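Take a look at the structure below.
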Amino acid sequence: MSLPSKTMMAALAVTRFGLGARPGEIATASADPRGWLIDQITPKGAAQPQPNPDTAAQRYVAMREYQELRRTAKDDGDPKTVAVRQANMAIRDKAGADFLARARLAAGTPDSFAERWTLFWANHFTVSSTKEITGPMVGPFEQEAIRPYVFGRFENLLVASSTHPAMLTYLDQQQSTGPNSPANGRNGKRGLNENLAREILELHSLGVASGYTQADVTEFARAITGFSVGREDEDRAGQFVFRENIHEPGARTILGKTYKAGEIDQSLAILKDLAAHPATARHISTKLARHFVADAPPPALVDRLEKSWLKSGGRLDKVARTLVESPEAWDPAPTKFKTPYEFMISSWRVIGAEPSAVERIATPLIGLGQRGFSAPSPKGWSDLAGEWCSPDGLIKRLQWSQGFAAAAADKLDPNTAAAEALGARLTPAVAQAVSRAETRREALALLMMSPEFQRR
Amino acid sequence: MTAQHASRRSFLSLAAGLGVSVSFLGRQAFAASEGDLARRKMVVVICRGGMDGLSVAPPVGDPAYAALRAGIAMKPDQVLKLDDTFGLHPELASVHRLALKGQARIAPAIASPDRARSHFEAQDVLETGESRVYGSDTGWLNRTLAALPPARKVEGLSVGATAPLILRGKVQAASWSPGKGVDETARLPTLLQDLYRNDPLMGPAFARGLETETMAQAAMTAMAPSPAMTATAVATPASATAAPMSATMANDRQNRQGNEAARKLGSTLAGFMVQADGPQIAAISLDGWDTHAGQQGQVATRLSYLDAVLDGLNTGLGDQWKNTVVVVVTEFGRTAKVNGTGGTDHGTGSTALVLGGALKPGGIIGDWPTLSQPALFENRDVAPTLDMRGLFKGVLADHMGVDRAVLESKVFPDSADAKAVTGLV
């Protein structure tokens, strides 16, 4: 498979692997398009949004205090006291600030491949504010459990996410109790909750239909009993704690292998094996190829990623490099359709700006079907064009583009903007439509809504 | 001039202003010629996350129910009574009102053919209508539209900003969610249609979106006299606030607002469907049914939202309710036994609701396997006695008039074992 021209590769590097071109960026990448991407793969992980907010632990405690306040107020007969509302707003404002900081980083970063790579992993290990207690921790989760590890070993990412308070609350793990654990006692009423165990197997590691059974799910759920979050009145408030007294004692057998009793070490041994399992390499290589290249990814590309994964023992820096070096990833035909978040971020990148207030991005995202930090299920947001390219989705994108262009277009030369946004991917039809537009704002909206810009 | 005329005229002028062909219009004469069939309507409500059937219609008369559900069991006097075994959840008051008129029934042990207890695999199987996961990348409602003879063009509509798999496929179905309208004076829609001409996905989707926008004006003016809808209407109560972190900071007032939005959502969907050339088939998804811990409040909130959507549909459809069948399904049910954290884990059989003025009165649909320990599926779940494809086939054949052979070959291939449920309408 031959590679396209260097100018085309520069356009693809910035718009397909990255989050869209800021002015001058495609020109910068054109000296060495693959090198431009590889330079962003660093062992220190992905950049952190600024300013760094609270830790997840602080957010957890704040949320528990808010819930307690609300409960007391309700018992007193007035659930909507000023204090309750203020506490509620304070928590929501912080989550909003997290989301804005993350969007500003995405819109402004020169390392937008690293950021897209990070967003892939944040979506792979979805936690969502559809659960109240988890909501304020979504931002800190990305900062604590995802960003530092995205170019390290997958095993570390898996352990970090599986033990993070945001994940433990989102998938109900913190209350799961070993039926025969000391705390449950004789005739104890508490028991297992298999939600996290199942989703680790199905979504985070092996993948569905990879051969594990209901018995494996239940055994794994028994093994990870004890994974919990420190209560407000404990030393490790809001942080991961392993509670020996709710851990199901005994050896566990998962996928035919027996793990000896050993409290948290037992779980870590299982997670290590899941990370190293060939089904995991296959499952995630397919997801990566689908995310970056095509909804139905070229099998040769999946094979390359899988080999790189297995050979390196799940080193994500090596896998990222293999992706960049695979010729199948550089087919100029744009098949991927941007998600609403990707579309909006790439629009700010066109004008060389960042969203200035959370409403500017969070509110339109709701209408576009991708409410910030609120993926609808543990599977995360869809990566398929068929889901996002809906009639209503396109109408909502058009409406937003018109508003965005009305506010931003007056300072732009539309022809230059089109050339800088798409580089060699700009087609004559779109260039002509932009140049013939009646107004600057019409020109910018046309560019944003063009198939070349909506796809990557 | 009546209000209806006015809205129809403004809707026509909006369509003209957008420069689009309005295929929803101009079929009235033809529609009359196919008679009654052209008025039949079907709505599929997908409850995503695994709706707990034993909460939808608690089998309070089943001897094993109270012990299995323990702390989350309902007492016989808490439910809205259906028969000696079943009641409806107290939040399903509108459904119960319809049930008393013979216009709502339950299928208490229904499942897709999938047994993996994975949300995503099971939703895939539910929506593709296949017997196994990844059997197809098109949805069975879409294949229904595609399989109808050309002389009988039926429109499909989904509610929401994303296209659900059940309506994805060869036919470009419409989709719509509340929001502000398109600026009808702008040239952009026409210019963009030009640019999308060679894009197989964006071209048809955009054209359909513009058509639906014009229809939405009529649907909202005719059916929703209350203030303009906002984006919150499509949100489930779990996400009914506008902040990026929505959270379920639920309280009574928010739930009431959520239910008001839900009712409006149902009535607006009805507003699309009552138009002369409106969609006869529609799909809508409600999220948030995955209740692993402390489930009672969550289930109640979601069921009251569902009840309000159905109530909105019922009232919005007015005298067209008599031509309608609504099917409410989920990808799987939940464990029969309460788990260790006051919730339930992924299970198998669940409860479907079947509603509509076209329905024949009757008891439960399918058999009740009971909750006795030996009757449970794999010792933990409600054992399915009815393949949901059989329910879908029955409604499509007997109510929507879809050819049985077409159903077997194109819409639900591989479903010979799932016999069509007969006698529903």
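Simple scheme: letters A, B, ... for chains in structure tokens order, numbers from 1 for residues in each chain, numbers from 1 for ligands in the order shown.
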Contacts of chain A with chain B up to 7 Å, shortest pair per row, only C-alpha atoms, as JSON lines:
```
{"residue": "A:Arg92", "atom": "CA", "partner": "B:Met245", "partner_atom": "CA", "distance": 6.5}
{"residue": "A:Ala95", "atom": "CA", "partner": "B:Met245", "partner_atom": "CA", "distance": 6.0}
{"residue": "A:Gly96", "atom": "CA", "partner": "B:Pro244", "partner_atom": "CA", "distance": 5.8}
{"residue": "A:Ser129", "atom": "CA", "partner": "B:Ala247", "partner_atom": "CA", "distance": 4.9}
{"residue": "A:Thr130", "atom": "CA", "partner": "B:Ala247", "partner_atom": "CA", "distance": 5.0}
{"residue": "A:Lys131", "atom": "CA", "partner": "B:Ala247", "partner_atom": "CA", "distance": 5.6}
{"residue": "A:Glu132", "atom": "CA", "partner": "B:Ala247", "partner_atom": "CA", "distance": 4.3}
{"residue": "A:Gly135", "atom": "CA", "partner": "B:Ala247", "partner_atom": "CA", "distance": 5.8}
{"residue": "A:Asp172", "atom": "CA", "partner": "B:Ala293", "partner_atom": "CA", "distance": 6.5}
{"residue": "A:Gln175", "atom": "CA", "partner": "B:Thr341", "partner_atom": "CA", "distance": 6.4}
{"residue": "A:Ser176", "atom": "CA", "partner": "B:Gly340", "partner_atom": "CA", "distance": 6.5}
{"residue": "A:Thr177", "atom": "CA", "partner": "B:Gly340", "partner_atom": "CA", "distance": 6.8}
{"residue": "A:Lys189", "atom": "CA", "partner": "B:Gly340", "partner_atom": "CA", "distance": 6.9}
{"residue": "A:Arg190", "atom": "CA", "partner": "B:Gly340", "partner_atom": "CA", "distance": 4.3}
{"residue": "A:Gly191", "atom": "CA", "partner": "B:Gly340", "partner_atom": "CA", "distance": 3.4}
{"residue": "A:Leu192", "atom": "CA", "partner": "B:Gly340", "partner_atom": "CA", "distance": 4.9}
{"residue": "A:Asn193", "atom": "CA", "partner": "B:Gly340", "partner_atom": "CA", "distance": 6.0}
{"residue": "A:Glu194", "atom": "CA", "partner": "B:Asp345", "partner_atom": "CA", "distance": 6.7}
{"residue": "A:Asn195", "atom": "CA", "partner": "B:His292", "partner_atom": "CA", "distance": 6.9}
{"residue": "A:Ala362", "atom": "CA", "partner": "B:Pro244", "partner_atom": "CA", "distance": 5.4}
{"residue": "A:Thr363", "atom": "CA", "partner": "B:Ala242", "partner_atom": "CA", "distance": 6.6}
{"residue": "A:Gly367", "atom": "CA", "partner": "B:Ala231", "partner_atom": "CA", "distance": 5.9}
{"residue": "A:Leu368", "atom": "CA", "partner": "B:Ala161", "partner_atom": "CA", "distance": 5.7}
{"residue": "A:Gly369", "atom": "CA", "partner": "B:Ala161", "partner_atom": "CA", "distance": 5.0}
{"residue": "A:Arg371", "atom": "CA", "partner": "B:Pro244", "partner_atom": "CA", "distance": 6.1}
{"residue": "A:Gly372", "atom": "CA", "partner": "B:Pro244", "partner_atom": "CA", "distance": 4.8}
{"residue": "A:Phe373", "atom": "CA", "partner": "B:Met245", "partner_atom": "CA", "distance": 6.0}
{"residue": "A:Ser374", "atom": "CA", "partner": "B:Met245", "partner_atom": "CA", "distance": 6.7}
{"residue": "A:Pro376", "atom": "CA", "partner": "B:Asp287", "partner_atom": "CA", "distance": 7.0}
{"residue": "A:Gly386", "atom": "CA", "partner": "B:Ala163", "partner_atom": "CA", "distance": 6.9}
{"residue": "A:Glu387", "atom": "CA", "partner": "B:Ala163", "partner_atom": "CA", "distance": 4.7}
{"residue": "A:Trp388", "atom": "CA", "partner": "B:Thr162", "partner_atom": "CA", "distance": 5.2}
{"residue": "A:Cys389", "atom": "CA", "partner": "B:Met202", "partner_atom": "CA", "distance": 6.6}
{"residue": "A:Ser390", "atom": "CA", "partner": "B:Ala163", "partner_atom": "CA", "distance": 5.2}
{"residue": "A:Pro391", "atom": "CA", "partner": "B:Gly209", "partner_atom": "CA", "distance": 4.0}
{"residue": "A:Asp392", "atom": "CA", "partner": "B:Trp176", "partner_atom": "CA", "distance": 4.8}
{"residue": "A:Gly393", "atom": "CA", "partner": "B:Ala161", "partner_atom": "CA", "distance": 4.8}
{"residue": "A:Leu394", "atom": "CA", "partner": "B:Phe206", "partner_atom": "CA", "distance": 6.1}
{"residue": "A:Ile395", "atom": "CA", "partner": "B:Gly209", "partner_atom": "CA", "distance": 6.0}
{"residue": "A:Gln399", "atom": "CA", "partner": "B:Val182", "partner_atom": "CA", "distance": 6.4}
{"residue": "A:Ser450", "atom": "CA", "partner": "B:Leu195", "partner_atom": "CA", "distance": 6.8}
{"residue": "A:Pro451", "atom": "CA", "partner": "B:Tyr196", "partner_atom": "CA", "distance": 6.7}
```
*Any chance you could list, as number ranges by chain, the residues in region 60-141 of chain B that come up helix (DSSP H, G or I) when DSSP is run on the backbone?*
B: 65-72, 93-100, 119-128, 140-141
Those same residues, written as a PDB file, in the first residue's frame with N, CA and C atoms?
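result05.pdb written:
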```
ATOM      1  N   TYR B  65     -42.248 -14.496  44.753  1.00  0.00           N
ATOM      2  CA  TYR B  65     -41.839 -13.112  44.495  1.00  0.00           C
ATOM      3  C   TYR B  65     -41.307 -12.388  45.735  1.00  0.00           C
ATOM      4  N   ALA B  66     -42.070 -12.429  46.810  1.00  0.00           N
ATOM      5  CA  ALA B  66     -41.714 -11.620  47.978  1.00  0.00           C
ATOM      6  C   ALA B  66     -40.356 -12.012  48.549  1.00  0.00           C
ATOM      7  N   ALA B  67     -40.082 -13.311  48.568  1.00  0.00           N
ATOM      8  CA  ALA B  67     -38.809 -13.751  49.146  1.00  0.00           C
ATOM      9  C   ALA B  67     -37.644 -13.373  48.243  1.00  0.00           C
ATOM     10  N   LEU B  68     -37.817 -13.537  46.936  1.00  0.00           N
ATOM     11  CA  LEU B  68     -36.723 -13.214  46.015  1.00  0.00           C
ATOM     12  C   LEU B  68     -36.386 -11.729  46.066  1.00  0.00           C
ATOM     13  N   ARG B  69     -37.400 -10.907  46.093  1.00  0.00           N
ATOM     14  CA  ARG B  69     -37.171  -9.471  46.040  1.00  0.00           C
ATOM     15  C   ARG B  69     -36.920  -8.865  47.421  1.00  0.00           C
ATOM     16  N   ALA B  70     -37.235  -9.602  48.452  1.00  0.00           N
ATOM     17  CA  ALA B  70     -36.934  -9.189  49.829  1.00  0.00           C
ATOM     18  C   ALA B  70     -37.182  -7.700  50.043  1.00  0.00           C
ATOM     19  N   GLY B  71     -36.122  -6.950  50.333  1.00  0.00           N
ATOM     20  CA  GLY B  71     -36.279  -5.544  50.718  1.00  0.00           C
ATOM     21  C   GLY B  71     -36.833  -4.645  49.637  1.00  0.00           C
ATOM     22  N   ILE B  72     -36.803  -5.085  48.382  1.00  0.00           N
ATOM     23  CA  ILE B  72     -37.358  -4.212  47.336  1.00  0.00           C
ATOM     24  C   ILE B  72     -38.676  -4.758  46.786  1.00  0.00           C
ATOM     25  N   ALA B  93     -49.532   4.921  36.288  1.00  0.00           N
ATOM     26  CA  ALA B  93     -50.972   5.169  36.437  1.00  0.00           C
ATOM     27  C   ALA B  93     -51.666   5.305  35.087  1.00  0.00           C
ATOM     28  N   SER B  94     -51.020   5.964  34.138  1.00  0.00           N
ATOM     29  CA  SER B  94     -51.669   6.134  32.832  1.00  0.00           C
ATOM     30  C   SER B  94     -51.773   4.800  32.110  1.00  0.00           C
ATOM     31  N   VAL B  95     -50.728   4.003  32.235  1.00  0.00           N
ATOM     32  CA  VAL B  95     -50.763   2.679  31.606  1.00  0.00           C
ATOM     33  C   VAL B  95     -51.883   1.854  32.231  1.00  0.00           C
ATOM     34  N   HIS B  96     -52.026   1.975  33.541  1.00  0.00           N
ATOM     35  CA  HIS B  96     -53.072   1.212  34.224  1.00  0.00           C
ATOM     36  C   HIS B  96     -54.464   1.667  33.778  1.00  0.00           C
ATOM     37  N   ARG B  97     -54.616   2.972  33.632  1.00  0.00           N
ATOM     38  CA  ARG B  97     -55.899   3.505  33.148  1.00  0.00           C
ATOM     39  C   ARG B  97     -56.244   2.875  31.790  1.00  0.00           C
ATOM     40  N   LEU B  98     -55.241   2.773  30.924  1.00  0.00           N
ATOM     41  CA  LEU B  98     -55.474   2.160  29.617  1.00  0.00           C
ATOM     42  C   LEU B  98     -55.733   0.662  29.751  1.00  0.00           C
ATOM     43  N   ALA B  99     -55.015   0.030  30.663  1.00  0.00           N
ATOM     44  CA  ALA B  99     -55.193  -1.408  30.845  1.00  0.00           C
ATOM     45  C   ALA B  99     -56.626  -1.735  31.262  1.00  0.00           C
ATOM     46  N   LEU B 100     -57.187  -0.870  32.097  1.00  0.00           N
ATOM     47  CA  LEU B 100     -58.561  -1.117  32.545  1.00  0.00           C
ATOM     48  C   LEU B 100     -59.546  -1.036  31.376  1.00  0.00           C
ATOM     49  N   HIS B 119     -25.351  -5.507  27.848  1.00  0.00           N
ATOM     50  CA  HIS B 119     -26.259  -4.480  27.338  1.00  0.00           C
ATOM     51  C   HIS B 119     -26.119  -4.319  25.844  1.00  0.00           C
ATOM     52  N   PHE B 120     -24.854  -4.272  25.448  1.00  0.00           N
ATOM     53  CA  PHE B 120     -24.565  -3.750  24.124  1.00  0.00           C
ATOM     54  C   PHE B 120     -24.843  -4.817  23.081  1.00  0.00           C
ATOM     55  N   GLU B 121     -24.528  -6.061  23.440  1.00  0.00           N
ATOM     56  CA  GLU B 121     -24.848  -7.169  22.561  1.00  0.00           C
ATOM     57  C   GLU B 121     -26.365  -7.335  22.480  1.00  0.00           C
ATOM     58  N   ALA B 122     -27.034  -7.256  23.615  1.00  0.00           N
ATOM     59  CA  ALA B 122     -28.476  -7.491  23.634  1.00  0.00           C
ATOM     60  C   ALA B 122     -29.230  -6.378  22.916  1.00  0.00           C
ATOM     61  N   GLN B 123     -28.775  -5.120  23.072  1.00  0.00           N
ATOM     62  CA  GLN B 123     -29.438  -4.032  22.334  1.00  0.00           C
ATOM     63  C   GLN B 123     -29.240  -4.218  20.843  1.00  0.00           C
ATOM     64  N   ASP B 124     -28.049  -4.673  20.456  1.00  0.00           N
ATOM     65  CA  ASP B 124     -27.766  -4.927  19.051  1.00  0.00           C
ATOM     66  C   ASP B 124     -28.747  -5.962  18.490  1.00  0.00           C
ATOM     67  N   VAL B 125     -28.938  -7.031  19.238  1.00  0.00           N
ATOM     68  CA  VAL B 125     -29.829  -8.100  18.772  1.00  0.00           C
ATOM     69  C   VAL B 125     -31.283  -7.603  18.755  1.00  0.00           C
ATOM     70  N   LEU B 126     -31.667  -6.866  19.771  1.00  0.00           N
ATOM     71  CA  LEU B 126     -33.028  -6.311  19.804  1.00  0.00           C
ATOM     72  C   LEU B 126     -33.286  -5.451  18.567  1.00  0.00           C
ATOM     73  N   GLU B 127     -32.311  -4.621  18.228  1.00  0.00           N
ATOM     74  CA  GLU B 127     -32.554  -3.636  17.172  1.00  0.00           C
ATOM     75  C   GLU B 127     -32.336  -4.176  15.766  1.00  0.00           C
ATOM     76  N   THR B 128     -31.431  -5.140  15.611  1.00  0.00           N
ATOM     77  CA  THR B 128     -31.242  -5.696  14.270  1.00  0.00           C
ATOM     78  C   THR B 128     -32.300  -6.748  13.967  1.00  0.00           C
ATOM     79  N   TRP B 140     -34.413  -3.633  12.214  1.00  0.00           N
ATOM     80  CA  TRP B 140     -35.594  -4.307  11.656  1.00  0.00           C
ATOM     81  C   TRP B 140     -36.703  -3.349  11.281  1.00  0.00           C
ATOM     82  N   LEU B 141     -36.802  -2.216  11.941  1.00  0.00           N
ATOM     83  CA  LEU B 141     -37.820  -1.249  11.504  1.00  0.00           C
ATOM     84  C   LEU B 141     -37.442  -0.676  10.144  1.00  0.00           C
TER      85      LEU B 141
END
```
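Straight-line separation from CA of Ala261 (chain A) to CA of Thr163 (chain A): 19.0 Å.
For the atom pair formed by CA of Pro361 (chain B) and CA of Ala383 (chain B), the distance is 24.9 Å, given to one decimal.
One finds CA of Thr225 (chain A) at 9.3 Å from CA of Pro249 (chain A).
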*For region 418-424 of chain A, work out the shell of residues within 8 Å, counting only C-alpha atoms and skipping chain neighbours fewer than 6 positions away, then give it as a PyMOL selection string.*
chain A and resi 7-8+10-11+15+20-26+350+431+434+447+452-453
Would you put the residues from that selection into a file with C-alpha atoms, as a CSV table (one decimal), in the first residue's frame?
```csv
chain,number,residue,atom,x,y,z
A,7,THR,CA,1.0,17.5,1.7
A,8,MET,CA,-1.9,15.1,1.9
A,10,ALA,CA,0.2,16.6,6.6
A,11,ALA,CA,-3.5,17.3,6.2
A,15,THR,CA,-7.2,16.4,10.9
A,20,GLY,CA,-8.3,19.5,13.4
A,21,ALA,CA,-6.0,22.2,12.2
A,22,ARG,CA,-5.3,25.5,13.9
A,23,PRO,CA,-4.0,28.2,11.5
A,24,GLY,CA,-0.6,27.3,10.1
A,25,GLU,CA,-0.6,23.8,11.7
A,26,ILE,CA,-0.8,21.8,8.5
A,350,VAL,CA,-10.2,26.7,12.6
A,431,ALA,CA,-13.2,25.8,-2.2
A,434,VAL,CA,-16.6,29.0,0.1
A,447,LEU,CA,-16.7,25.2,5.5
A,452,GLU,CA,-14.6,17.3,4.2
A,453,PHE,CA,-14.8,19.1,7.5
```
_Using only C-alpha atoms, can you tell me which of A:Asn180, A:Thr280, A:Ser30, A:Gln86 comes closest to Glu155 (chain A)?_
A:Thr280
*asked:* What's around Glu202 (chain A) at 10 Å? Count only C-alpha atoms, leave out sequence neighbours fewer than 5 positions away in its own chain, and write the answer as a ChimeraX atom specification.
replied: /A:196-197,207-210,212,217,280,283,379 /B:118-120
_Using only C-alpha atoms for the distances, tell me which of B:Lys393, B:Lys170, B:Arg143, B:Lys337 is nearest to Asp417 (chain B)._
B:Lys393
*Option closest in space to Pro179 (chain A), from A:Lys272, A:Lys44, A:Arg222, A:Arg290 [counting only C-alpha atoms]*: A:Arg222
*For Phe392 (chain B), list every protein, DNA or RNA residue within 9 Å, evaluated using only C-alpha atoms, and leave out those in the same chain fewer than 5 positions away; present the list as a ChimeraX atom specification.*
/B:327,397,420-421
*Apply DSSP to the backbone of this structure and, from region 3-180 of chain B, keep only the residues in strand (DSSP E or B); write these as an MDAnalysis selection string.*
chainID B and resid 41:47 80:81 87:88 104:111 156:159 174:176
